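Written below as structure tokens is the structure these notes are about.
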Amino acid sequence: MPRQSISLTRPNDAWLKSLVDSEEYASKSEVVNDLIRKAREIETIRARLIAAEQSGFIEQSRSEMLAEIKDNA
């Protein structure tokens with residue numbers, strides 16, 4: 001897995017540390033990867049909504065669209 005070095009503000013570092021300390025995540029890297037996955041999912045949803053709006057209609061329901069996106073993640 002590629003490694004990256006990032007600089008965090010103190011509040012962001014404290015927030016990441018609190019998630020790890022609460023045992024919700026095993027490491028700060030796990031938190032960051034989860035946030036990136038969620039951001040990518042949001043980006044995909046937005047792109048599909050924009051495309052649907054521009055086409056004038058959409059055939060899938062919101063829940064169908066979300067299920068398909070989750071299946072492809």
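Here, A, B, ... name the chains of the structure tokens in the order displayed, residue numbers run from 1 inside each chain, and ligands are numbered from 1 in the same displayed order.
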Spatial neighbours of segment 36-41 of chain A, 9 Å, only C-alpha atoms, chain gap at least 3 places, as a PyMOL selection string: chain A and resi 31-33+44-46+69-70+73
All residues 10 Å or closer to Met65 of chain A, only C-alpha atoms, same chain fewer than 6 positions away omitted, as a list in words: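 Final neighbour list, sorted by chain and number: Ile45, Arg48, Leu49, Ile58, Glu59 and Asp71 of chain A.
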Store the residues picked out above in a file with N, CA and C atoms, as a compact mmCIF listing (two decimals), in the first residue's frame.
```txt
# COMPACT_ATOMS: atom_id res chain seq x y z
N ILE A 45 -22.27 10.10 -6.44
CA ILE A 45 -23.70 10.42 -6.32
C ILE A 45 -24.00 11.77 -6.96
N ARG A 48 -23.91 11.59 -10.76
CA ARG A 48 -25.09 10.91 -11.30
C ARG A 48 -26.33 11.78 -11.19
N LEU A 49 -26.45 12.52 -10.10
CA LEU A 49 -27.60 13.42 -9.96
C LEU A 49 -27.55 14.54 -10.99
N ILE A 58 -34.90 10.60 -14.59
CA ILE A 58 -34.10 9.49 -14.08
C ILE A 58 -35.01 8.30 -13.89
N GLU A 59 -34.51 7.13 -14.22
CA GLU A 59 -35.32 5.92 -14.12
C GLU A 59 -35.17 5.23 -12.78
N ASP A 71 -22.64 -1.09 -4.25
CA ASP A 71 -22.21 -2.36 -4.82
C ASP A 71 -20.93 -2.18 -5.64
```
Nearest residue to Met1 of chain A from the set A:Ser63, A:Leu19, A:Ser29, A:Ala47 (distances using only C-alpha atoms): A:Ser29
Members of chain A assigned helix (DSSP H, G or I) by DSSP, as a count of residues only: 51
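A straight line drawn from atom CA of Asn72 of chain A to atom CA of Leu35 of chain A is 17.0 Å long.
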Point-to-point distance from atom CA of Asp13 of chain A to atom CA of Lys28 of chain A, Å rounded to tenths: 8.7 Å
